[in-house]
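Trainee: Sharing run-v9.pdb below, PDB, C-alpha atoms, pLDDT in the B column:
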```pdb
ATOM      1  CA  MET A   1       0.000   0.000   0.000  1.00 49.00           C
ATOM      2  CA  ASP A   2       1.385   3.294  -1.056  1.00 52.00           C
ATOM      3  CA  LEU A   3       0.862   6.055   1.482  1.00 53.00           C
ATOM      4  CA  ASP A   4       1.709   8.901  -0.857  1.00 56.00           C
ATOM      5  CA  HIS A   5      -1.593   8.589  -2.690  1.00 56.00           C
ATOM      6  CA  ASP A   6      -4.893   9.703  -1.263  1.00 55.00           C
ATOM      7  CA  THR A   7      -6.966   6.587  -0.587  1.00 55.00           C
ATOM      8  CA  THR A   8     -10.230   8.368   0.115  1.00 56.00           C
ATOM      9  CA  THR A   9     -12.743   8.384  -2.703  1.00 55.00           C
ATOM     10  CA  GLN A  10     -15.108  11.151  -3.526  1.00 57.00           C
ATOM     11  CA  LEU A  11     -18.737  10.094  -3.476  1.00 55.00           C
ATOM     12  CA  GLU A  12     -21.041  11.534  -6.081  1.00 55.00           C
ATOM     13  CA  PRO A  13     -24.184  13.226  -4.883  1.00 56.00           C
ATOM     14  CA  SER A  14     -27.225  10.975  -5.155  1.00 55.00           C
ATOM     15  CA  SER A  15     -28.784  13.110  -7.913  1.00 54.00           C
ATOM     16  CA  GLN A  16     -25.792  12.475 -10.191  1.00 54.00           C
ATOM     17  CA  ARG A  17     -25.722   8.707  -9.726  1.00 56.00           C
ATOM     18  CA  THR A  18     -27.197   6.728 -12.540  1.00 58.00           C
ATOM     19  CA  LYS A  19     -29.163   3.710 -11.641  1.00 62.00           C
ATOM     20  CA  SER A  20     -28.372   0.831 -13.872  1.00 66.00           C
ATOM     21  CA  LYS A  21     -31.123  -1.627 -14.535  1.00 72.00           C
ATOM     22  CA  LYS A  22     -30.040  -5.168 -14.703  1.00 80.00           C
ATOM     23  CA  THR A  23     -32.510  -7.058 -16.822  1.00 82.00           C
ATOM     24  CA  PHE A  24     -31.825 -10.278 -18.564  1.00 82.00           C
ATOM     25  CA  THR A  25     -33.709 -11.965 -21.344  1.00 81.00           C
ATOM     26  CA  LEU A  26     -33.840 -15.634 -20.571  1.00 82.00           C
ATOM     27  CA  ALA A  27     -35.496 -16.817 -23.756  1.00 85.00           C
ATOM     28  CA  THR A  28     -37.335 -15.428 -26.744  1.00 85.00           C
ATOM     29  CA  ALA A  29     -39.592 -17.202 -29.186  1.00 81.00           C
ATOM     30  CA  THR A  30     -41.284 -15.991 -32.327  1.00 79.00           C
ATOM     31  CA  LEU A  31     -44.048 -17.976 -33.982  1.00 71.00           C
ATOM     32  CA  LYS A  32     -44.085 -16.678 -37.516  1.00 78.00           C
ATOM     33  CA  HIS A  33     -45.919 -19.526 -39.192  1.00 83.00           C
ATOM     34  CA  PRO A  34     -48.349 -21.443 -37.001  1.00 87.00           C
ATOM     35  CA  PRO A  35     -49.144 -24.912 -38.326  1.00 91.00           C
ATOM     36  CA  PHE A  36     -52.935 -24.500 -38.178  1.00 94.00           C
ATOM     37  CA  ALA A  37     -55.552 -21.915 -39.066  1.00 94.00           C
ATOM     38  CA  TYR A  38     -59.031 -21.601 -37.598  1.00 93.00           C
ATOM     39  CA  ALA A  39     -62.455 -20.773 -39.005  1.00 94.00           C
ATOM     40  CA  HIS A  40     -65.751 -19.811 -37.420  1.00 93.00           C
ATOM     41  CA  LEU A  41     -68.805 -20.980 -39.351  1.00 93.00           C
ATOM     42  CA  SER A  42     -72.487 -20.332 -38.715  1.00 92.00           C
ATOM     43  CA  LEU A  43     -75.713 -21.743 -40.100  1.00 89.00           C
ATOM     44  CA  ALA A  44     -77.487 -19.376 -42.471  1.00 83.00           C
ATOM     45  CA  THR A  45     -80.767 -19.562 -44.347  1.00 67.00           C
ATOM     46  CA  SER A  46     -80.889 -19.409 -48.110  1.00 59.00           C
ATOM     47  CA  ALA A  47     -82.845 -16.665 -49.807  1.00 54.00           C
ATOM     48  CA  PHE A  48     -85.074 -19.248 -51.502  1.00 53.00           C
ATOM     49  CA  SER A  49     -85.781 -21.267 -48.371  1.00 47.00           C
ATOM     50  CA  PRO A  50     -89.525 -21.922 -47.960  1.00 49.00           C
ATOM     51  CA  SER A  51     -89.344 -21.683 -44.166  1.00 46.00           C
ATOM     52  CA  PRO A  52     -86.841 -19.077 -42.949  1.00 44.00           C
ATOM     53  CA  ALA A  53     -87.488 -20.026 -39.304  1.00 43.00           C
ATOM     54  CA  ARG A  54     -86.145 -23.547 -39.937  1.00 45.00           C
ATOM     55  CA  SER A  55     -82.518 -22.672 -39.163  1.00 42.00           C
ATOM     56  CA  ALA A  56     -83.508 -20.828 -36.010  1.00 48.00           C
ATOM     57  CA  ASP A  57     -85.210 -23.957 -34.645  1.00 54.00           C
ATOM     58  CA  THR A  58     -82.516 -26.512 -35.393  1.00 67.00           C
ATOM     59  CA  GLY A  59     -78.905 -26.488 -34.344  1.00 78.00           C
ATOM     60  CA  LEU A  60     -75.909 -27.987 -36.034  1.00 85.00           C
ATOM     61  CA  ASP A  61     -74.188 -31.215 -35.152  1.00 90.00           C
ATOM     62  CA  ALA A  62     -70.700 -32.408 -36.050  1.00 93.00           C
ATOM     63  CA  LEU A  63     -71.958 -34.821 -38.720  1.00 93.00           C
ATOM     64  CA  GLN A  64     -73.831 -32.050 -40.562  1.00 90.00           C
ATOM     65  CA  VAL A  65     -70.793 -29.796 -40.461  1.00 93.00           C
ATOM     66  CA  ARG A  66     -68.514 -32.584 -41.724  1.00 94.00           C
ATOM     67  CA  SER A  67     -70.837 -33.525 -44.605  1.00 91.00           C
ATOM     68  CA  TYR A  68     -71.304 -29.897 -45.639  1.00 92.00           C
ATOM     69  CA  LEU A  69     -67.572 -29.151 -45.633  1.00 94.00           C
ATOM     70  CA  THR A  70     -66.719 -32.358 -47.497  1.00 94.00           C
ATOM     71  CA  ALA A  71     -69.326 -31.594 -50.188  1.00 93.00           C
ATOM     72  CA  ALA A  72     -68.192 -27.970 -50.511  1.00 94.00           C
ATOM     73  CA  LEU A  73     -64.502 -28.825 -50.816  1.00 94.00           C
ATOM     74  CA  ARG A  74     -65.147 -31.769 -53.173  1.00 94.00           C
ATOM     75  CA  GLN A  75     -67.171 -29.553 -55.522  1.00 93.00           C
ATOM     76  CA  PHE A  76     -64.531 -26.792 -55.430  1.00 92.00           C
ATOM     77  CA  LEU A  77     -61.307 -28.841 -55.664  1.00 92.00           C
ATOM     78  CA  GLY A  78     -62.400 -32.409 -56.343  1.00 93.00           C
ATOM     79  CA  ASP A  79     -60.853 -35.220 -54.330  1.00 92.00           C
ATOM     80  CA  THR A  80     -57.925 -32.979 -53.384  1.00 90.00           C
ATOM     81  CA  GLY A  81     -60.315 -30.624 -51.621  1.00 90.00           C
ATOM     82  CA  ALA A  82     -62.124 -33.471 -49.889  1.00 91.00           C
ATOM     83  CA  ALA A  83     -58.754 -34.683 -48.585  1.00 93.00           C
ATOM     84  CA  ILE A  84     -58.032 -31.455 -46.668  1.00 94.00           C
ATOM     85  CA  PRO A  85     -57.853 -32.505 -43.008  1.00 95.00           C
ATOM     86  CA  ILE A  86     -60.479 -30.682 -40.953  1.00 95.00           C
ATOM     87  CA  ASP A  87     -60.739 -30.863 -37.173  1.00 95.00           C
ATOM     88  CA  ILE A  88     -64.132 -29.904 -35.804  1.00 94.00           C
ATOM     89  CA  LEU A  89     -63.306 -28.205 -32.524  1.00 92.00           C
ATOM     90  CA  LEU A  90     -66.721 -27.050 -31.297  1.00 90.00           C
ATOM     91  CA  VAL A  91     -70.302 -27.211 -32.517  1.00 92.00           C
ATOM     92  CA  GLN A  92     -72.646 -25.142 -30.406  1.00 90.00           C
ATOM     93  CA  GLY A  93     -76.132 -24.135 -31.487  1.00 89.00           C
ATOM     94  CA  GLN A  94     -75.796 -22.665 -34.968  1.00 91.00           C
ATOM     95  CA  SER A  95     -72.030 -22.074 -34.824  1.00 91.00           C
ATOM     96  CA  ALA A  96     -69.054 -24.305 -35.491  1.00 92.00           C
ATOM     97  CA  TRP A  97     -65.310 -23.817 -34.985  1.00 93.00           C
ATOM     98  CA  VAL A  98     -62.945 -25.813 -37.188  1.00 95.00           C
ATOM     99  CA  ARG A  99     -59.177 -26.141 -37.593  1.00 95.00           C
ATOM    100  CA  VAL A 100     -57.421 -26.683 -40.936  1.00 96.00           C
ATOM    101  CA  PRO A 101     -53.750 -26.674 -41.966  1.00 96.00           C
ATOM    102  CA  ARG A 102     -52.614 -23.073 -42.433  1.00 94.00           C
ATOM    103  CA  GLU A 103     -51.551 -23.545 -46.058  1.00 95.00           C
ATOM    104  CA  ASP A 104     -55.048 -24.865 -46.930  1.00 95.00           C
ATOM    105  CA  LEU A 105     -56.976 -21.962 -45.381  1.00 94.00           C
ATOM    106  CA  ALA A 106     -57.406 -20.004 -48.631  1.00 94.00           C
ATOM    107  CA  ALA A 107     -58.767 -23.032 -50.505  1.00 95.00           C
ATOM    108  CA  PHE A 108     -61.002 -23.914 -47.540  1.00 95.00           C
ATOM    109  CA  ALA A 109     -62.460 -20.396 -47.319  1.00 95.00           C
ATOM    110  CA  ALA A 110     -63.036 -20.211 -51.093  1.00 94.00           C
ATOM    111  CA  GLY A 111     -64.707 -23.630 -51.201  1.00 94.00           C
ATOM    112  CA  VAL A 112     -67.052 -22.911 -48.300  1.00 94.00           C
ATOM    113  CA  THR A 113     -67.943 -19.451 -49.604  1.00 92.00           C
ATOM    114  CA  ALA A 114     -68.637 -20.603 -53.184  1.00 91.00           C
ATOM    115  CA  PHE A 115     -70.750 -23.625 -52.239  1.00 90.00           C
ATOM    116  CA  PRO A 116     -74.491 -23.111 -52.893  1.00 86.00           C
ATOM    117  CA  GLY A 117     -75.638 -25.365 -50.052  1.00 81.00           C
ATOM    118  CA  LEU A 118     -76.970 -28.837 -49.333  1.00 77.00           C
ATOM    119  CA  PRO A 119     -80.567 -29.975 -49.590  1.00 76.00           C
ATOM    120  CA  PRO A 120     -82.240 -30.685 -46.256  1.00 66.00           C
ATOM    121  CA  SER A 121     -82.091 -34.132 -44.704  1.00 62.00           C
ATOM    122  CA  SER A 122     -84.969 -36.443 -45.582  1.00 50.00           C
ATOM    123  CA  GLY A 123     -86.199 -36.447 -41.972  1.00 49.00           C
ATOM    124  CA  GLU A 124     -86.362 -32.653 -41.655  1.00 53.00           C
ATOM    125  CA  ALA A 125     -89.605 -30.814 -42.132  1.00 50.00           C
ATOM    126  CA  GLY A 126     -89.677 -27.497 -43.894  1.00 54.00           C
ATOM    127  CA  GLY A 127     -87.153 -27.878 -46.707  1.00 58.00           C
ATOM    128  CA  GLY A 128     -84.744 -25.181 -47.834  1.00 68.00           C
ATOM    129  CA  THR A 129     -81.026 -25.552 -48.226  1.00 78.00           C
ATOM    130  CA  MET A 130     -78.375 -25.744 -45.555  1.00 79.00           C
ATOM    131  CA  LEU A 131     -75.817 -22.966 -45.913  1.00 86.00           C
ATOM    132  CA  LEU A 132     -72.775 -22.436 -43.736  1.00 89.00           C
ATOM    133  CA  GLN A 133     -71.509 -18.878 -43.643  1.00 90.00           C
ATOM    134  CA  LEU A 134     -67.828 -18.204 -42.995  1.00 92.00           C
ATOM    135  CA  ARG A 135     -67.917 -15.637 -40.184  1.00 91.00           C
ATOM    136  CA  ALA A 136     -64.167 -15.314 -39.584  1.00 89.00           C
ATOM    137  CA  CYS A 137     -60.936 -17.155 -40.286  1.00 90.00           C
ATOM    138  CA  GLY A 138     -57.294 -16.637 -39.407  1.00 89.00           C
ATOM    139  CA  ASP A 139     -54.061 -18.059 -38.063  1.00 88.00           C
ATOM    140  CA  TRP A 140     -54.692 -17.325 -34.392  1.00 84.00           C
ATOM    141  CA  LEU A 141     -57.701 -18.711 -32.545  1.00 82.00           C
ATOM    142  CA  GLY A 142     -57.397 -16.154 -29.754  1.00 78.00           C
ATOM    143  CA  SER A 143     -57.776 -13.227 -32.129  1.00 77.00           C
ATOM    144  CA  LEU A 144     -60.882 -14.772 -33.717  1.00 78.00           C
ATOM    145  CA  ILE A 145     -62.514 -15.345 -30.354  1.00 78.00           C
ATOM    146  CA  GLY A 146     -61.593 -11.826 -29.278  1.00 73.00           C
ATOM    147  CA  ARG A 147     -63.092 -10.397 -32.459  1.00 67.00           C
ATOM    148  CA  GLU A 148     -66.341 -12.307 -31.840  1.00 65.00           C
ATOM    149  CA  GLU A 149     -66.520 -11.108 -28.241  1.00 65.00           C
ATOM    150  CA  GLN A 150     -65.848  -7.539 -29.382  1.00 62.00           C
ATOM    151  CA  ALA A 151     -68.699  -7.736 -31.901  1.00 62.00           C
ATOM    152  CA  GLY A 152     -70.974  -9.088 -29.173  1.00 61.00           C
ATOM    153  CA  LEU A 153     -70.093  -6.160 -26.959  1.00 53.00           C
ATOM    154  CA  TRP A 154     -71.176  -3.632 -29.584  1.00 57.00           C
ATOM    155  CA  ARG A 155     -74.394  -5.542 -30.325  1.00 59.00           C
ATOM    156  CA  ASN A 156     -75.344  -5.453 -26.634  1.00 55.00           C
ATOM    157  CA  LEU A 157     -74.817  -1.682 -26.409  1.00 52.00           C
ATOM    158  CA  ILE A 158     -77.174  -0.882 -29.253  1.00 50.00           C
TER     159      ILE A 158
END
```
Output the structure of this file as structure tokens.
Mentor:
Amino acid sequence: MDLDHDTTTQLEPSSQRTKSKKTFTLATATLKHPPFAYAHLSLATSAFSPSPARSADTGLDALQVRSYLTAALRQFLGDTGAAIPIDILLVQGQSAWVRVPREDLAAFAAGVTAFPGLPPSSGEAGGGTMLLQLRACGDWLGSLIGREEQAGLWRNLI
């Protein structure tokens, strides 16, 4: 230890001290291309349906949704369209949520939108055609659900 040098240190006033934040990023992840896309479908009545109240009385089931989507995609793209894997996630009342591979979403949406509908089942009274309307579709299920809830909020205020 050298005694010729001053060993005392000058302290800076507290207003001149800079506080350093010590933050660390442990991990980051970016999902640019999710493997699946989602679609929200709802039962709609055709303009030429003899009984417009028919769709309000009956709800959908998974078998109806599957047969409608298979027919729509087969008419639009043939057997290639019918081979698009579709997961039916939820069927509730007149709405259905489905999952398709992300790269097939455009063909799925075009096929469902262009399809004129199915004739009613033989056991149903009333007639008319069964139409499924594409309400929303996208890569992220959370954003679709949020969009639906947001629309419901504005409908309830009016």
Trainee: Got a sec to resolve the PyMOL selection byres ((chain A and resi 113-118) around 10) on this structure and send the residues as a ChimeraX atom specification?
Mentor: /A:44-46,64,67-69,71-76,107-112,119-121,128-134
Trainee: Taking into account all atoms listed in the file, which residue in the set A:Leu26, A:Gly146, A:Arg66, A:Gly59 is nearest to Leu89 in chain A?
Mentor: A:Arg66
Trainee: Evaluate the PyMOL selection byres ((chain A and resi 137) around 9) against this structure - the residues, as number ranges by chain, please.
Mentor: A: 37-41, 105, 109, 134-136, 138-141, 144
Trainee: How many Å lie between CA of Ala106 in chain A and CA of Thr80 in chain A, rounded to one decimal?
Mentor: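 Separation between CA of Ala106 in chain A and CA of Thr80 in chain A: 13.8 Å.
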Trainee: Quick one: pull the distance between CA of Pro35 in chain A and CA of Arg102 in chain A, Å, one decimal.
Mentor: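 Those two atoms sit 5.7 Å apart.
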Trainee: Between CA of Leu60 in chain A and CA of Leu43 in chain A, what is the spacing in Å?
Mentor: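 Spanning CA of Leu43 in chain A to CA of Leu60 in chain A is a straight-line distance of 7.5 Å.
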Trainee: Under the rule that only C-alpha atoms are counted, which of A:Glu103, A:Leu77, A:Thr70, A:Asp61 is the nearest residue to Leu90 in chain A?
Mentor: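 The shortest atom-to-atom distance to Leu90 in chain A comes from A:Asp61.
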Trainee: Which residue out of A:Trp97, A:Thr23, A:His33, A:Asp104 has the minimum interatomic distance to Ala82 in chain A when all atoms listed in the file are used?
Mentor: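 Residue with the minimum atom-to-atom distance to Ala82 in chain A: A:Asp104.
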Trainee: May I ask which of the residues A:Ile145, A:Phe36, A:Phe24, A:Ala62 is the closest one to Ile88 in chain A, counting all atoms listed in the file?
Mentor: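 Counting all atoms listed in the file, the residue closest to Ile88 in chain A is A:Ala62.
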Trainee: Please write as JSON, numbers by chain the full residue list that the PyMOL selection byres ((chain A and resi 87) around 8) yields on this file.
Mentor: {"A": [85, 86, 88, 89, 98, 99, 100]}
Trainee: Let me make sure I understand: among A:Ala96, A:Val91, A:Gly142, A:Pro101, which one has the smallest atom-to-atom distance to Ser42 in chain A if we use all atoms listed in the file?
Mentor: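 Among the listed residues, the smallest separation from Ser42 in chain A belongs to A:Ala96.
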